[in-house]
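**Q** Take this structure, written in structure tokens, and hold onto it; I'll ask about it next.
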Amino acid sequence: MDGCRRNPYQLTDETPVYVISIAAQLSGLHPQTLRQYDRLGLVSPDRTAGRGRRYSARDIELLRTVQQLSQDEGINLAGIKRIIELENQVAALQQRVAELSAAVDGAAVAMQQREAQVHASYRRDLVPYQDVQQTSALVVWRPKPKRPTD
């Protein structure tokens with residue numbers, strides 16, 4: 001189990017709590033319009049065991065957005081559905097990018113730590129090799145004359 005436990009009684013924007021009549025009042029739409037939007041797949045609320053619709057605060061906001069796009073912008077319902085799908089896709093892709101960025105950052109930190117471990121393991125008694133440039137100079141070696149031994 002993960003370390004974060006959510007309170008089952010805590011309400012979030014996604015918590016389905018509003019029946020259709022309240023959702024209609026909050027969104028300024030007729031309940032039949034909400035049913036139509038549900039049938040078209042524009043706003044799909046959660047369902048109770050008895051198949052009753054339960055709308056969340058996010059659903060209410062989406063209903064308002066659909067109404068605004070339809071009334072103020074003149075976009076038909078098929079266009080609105082496509083806009084919603086694309087916005088959901090963008091949100092999912094942004095979430096994925098954030099996850100991948102976090103993974104890359106984590107991998108970079110791990111790589112830096114591993115690199116530091118490798119550098120720390122270098123032997124300090126060895127001298128780094130330096131390439132000697134070859135020249136055409138001639139070196140003559142003459143042994144020292146031997147001294148007579150007593």
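Residue names in the structure tokens use chain letters A, B, ... in the order shown, residue numbers from 1 in each chain, and ligand numbers from 1 in the order shown.
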Contacts between segment 22-30 of chain A and segment 62-121 of chain A, please, where a residue of segment 62-121 of chain A counts if it comes within 12 Å (with only C-alpha atoms); show its shortest atom pair and distance in Å to one decimal, rows by chain and ascending number, as a tab-separated table.

**A**
residue	atom	partner	partner_atom	distance
A:Leu62	CA	A:Ser27	CA	8.9
A:Leu63	CA	A:Ser27	CA	6.2
A:Arg64	CA	A:Ser27	CA	5.6
A:Thr65	CA	A:Ser27	CA	9.3
A:Val66	CA	A:Ser27	CA	10.1
A:Gln67	CA	A:Leu29	CA	8.1
A:Gln68	CA	A:Ser27	CA	10.6
A:Gln71	CA	A:Leu29	CA	11.8

**Q** Excluding segment 81-94 of chain A and any residue of its chain fewer than 5 positions from it, enumerate the residues within 12 Å of it, using only C-alpha atoms, and give them as a CSV table (one decimal) with N, CA, C and O atoms, in the first residue's frame.

**A**
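Saved the output as out-v3.csv:
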chain,number,residue,atom,x,y,z
A,37,TYR,N,-26.8,15.4,-22.8
A,37,TYR,CA,-25.3,15.4,-22.8
A,37,TYR,C,-24.7,14.1,-22.4
A,37,TYR,O,-23.7,13.7,-22.9
A,38,ASP,N,-25.4,13.4,-21.5
A,38,ASP,CA,-24.9,12.1,-21.0
A,38,ASP,C,-25.0,11.1,-22.2
A,38,ASP,O,-24.1,10.3,-22.4
A,39,ARG,N,-26.2,11.1,-22.8
A,39,ARG,CA,-26.4,10.2,-24.0
A,39,ARG,C,-25.3,10.4,-25.1
A,39,ARG,O,-24.8,9.5,-25.7
A,40,LEU,N,-25.0,11.7,-25.3
A,40,LEU,CA,-24.0,12.0,-26.3
A,40,LEU,C,-22.6,11.8,-25.9
A,40,LEU,O,-21.6,11.9,-26.7
A,41,GLY,N,-22.4,11.6,-24.6
A,41,GLY,CA,-21.0,11.3,-24.1
A,41,GLY,C,-20.3,12.6,-23.8
A,41,GLY,O,-19.0,12.6,-23.7
A,42,LEU,N,-21.0,13.7,-23.7
A,42,LEU,CA,-20.3,15.0,-23.4
A,42,LEU,C,-19.9,15.1,-22.0
A,42,LEU,O,-18.8,15.5,-21.7
A,43,VAL,N,-20.8,14.8,-21.1
A,43,VAL,CA,-20.6,14.8,-19.7
A,43,VAL,C,-21.2,13.5,-19.1
A,43,VAL,O,-22.4,13.4,-19.2
A,44,SER,N,-20.4,12.6,-18.7
A,44,SER,CA,-20.9,11.3,-18.2
A,44,SER,C,-20.7,11.2,-16.7
A,44,SER,O,-19.6,10.9,-16.2
A,62,LEU,N,-17.8,21.3,-16.2
A,62,LEU,CA,-17.8,20.8,-17.6
A,62,LEU,C,-19.2,21.1,-18.2
A,62,LEU,O,-19.2,21.5,-19.4
A,63,LEU,N,-20.3,21.0,-17.5
A,63,LEU,CA,-21.6,21.3,-18.1
A,63,LEU,C,-21.7,22.8,-18.4
A,63,LEU,O,-22.2,23.2,-19.5
A,65,THR,N,-19.1,24.7,-19.1
A,65,THR,CA,-18.2,24.9,-20.3
A,65,THR,C,-18.9,24.5,-21.6
A,65,THR,O,-18.8,25.2,-22.6
A,66,VAL,N,-19.6,23.3,-21.6
A,66,VAL,CA,-20.4,22.9,-22.8
A,66,VAL,C,-21.4,23.9,-23.1
A,66,VAL,O,-21.5,24.3,-24.3
A,67,GLN,N,-22.1,24.4,-22.2
A,67,GLN,CA,-23.1,25.4,-22.4
A,67,GLN,C,-22.5,26.7,-23.0
A,67,GLN,O,-23.0,27.3,-23.9
A,69,LEU,N,-19.6,27.0,-24.6
A,69,LEU,CA,-19.2,26.8,-26.0
A,69,LEU,C,-20.3,26.7,-27.0
A,69,LEU,O,-20.2,27.2,-28.1
A,70,SER,N,-21.4,26.2,-26.6
A,70,SER,CA,-22.6,26.0,-27.4
A,70,SER,C,-23.3,27.4,-27.6
A,70,SER,O,-23.5,27.8,-28.8
A,75,ILE,N,-20.6,26.6,-31.2
A,75,ILE,CA,-20.0,25.3,-31.6
A,75,ILE,C,-21.1,24.3,-31.4
A,75,ILE,O,-21.8,24.3,-30.4
A,76,ASN,N,-21.2,23.4,-32.4
A,76,ASN,CA,-22.2,22.3,-32.2
A,76,ASN,C,-21.7,21.3,-31.3
A,76,ASN,O,-20.6,21.2,-30.9
A,99,GLU,N,5.5,12.8,-15.7
A,99,GLU,CA,6.0,11.5,-15.1
A,99,GLU,C,7.4,11.2,-15.7
A,99,GLU,O,8.3,10.8,-15.0
A,100,LEU,N,7.5,11.3,-17.1
A,100,LEU,CA,8.8,11.0,-17.7
A,100,LEU,C,9.9,12.0,-17.3
A,100,LEU,O,11.0,11.6,-17.2
A,101,SER,N,9.5,13.3,-17.2
A,101,SER,CA,10.5,14.2,-16.7
A,101,SER,C,11.1,13.9,-15.3
A,101,SER,O,12.3,14.0,-15.1

**Q** Separation of atom CA of Asp131 of chain A and atom CA of Gln117 of chain A, in Å?

**A**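 One can read the atom CA of Asp131 of chain A to atom CA of Gln117 of chain A distance as 27.0 Å.
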
**Q** Within chain A, find each residue whose DSSP state, derived from the backbone, is strand (DSSP E or B), and express the selection as a ChimeraX atom specification.

**A** /A:18,46-47,53-55

**Q** Can you work out which one of A:Gln36, A:Glu61, A:Asp105, A:Gln112 has the shortest atom-to-atom distance to Leu77 of chain A, counting only C-alpha atoms?

**A** A:Gln36

**Q** Nearest to Leu11 of chain A among A:Ser56, A:Ser121, A:Thr48, A:Thr33, with distances taken over only C-alpha atoms: which residue is it?

**A**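 The closest residue to Leu11 of chain A is A:Ser56.
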
**Q** Assign secondary structure with DSSP using the backbone only, and return the residues of chain A in helix (DSSP H, G or I) as an MDAnalysis selection string.

**A** chainID A and resid 20:27 31:40 57:71 77:120

**Q** Take atom CA of Ser21 of chain A and atom CA of Tyr55 of chain A and report the distance between them in Å, one decimal.

**A**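 We find that atom CA of Ser21 of chain A and atom CA of Tyr55 of chain A lie 10.0 Å from each other.
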
**Q** Just how far from atom CA of Asp59 of chain A is atom CA of Val19 of chain A, in Å to one decimal?

**A**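 About the pair atom CA of Val19 of chain A and atom CA of Asp59 of chain A: they are 11.5 Å apart.
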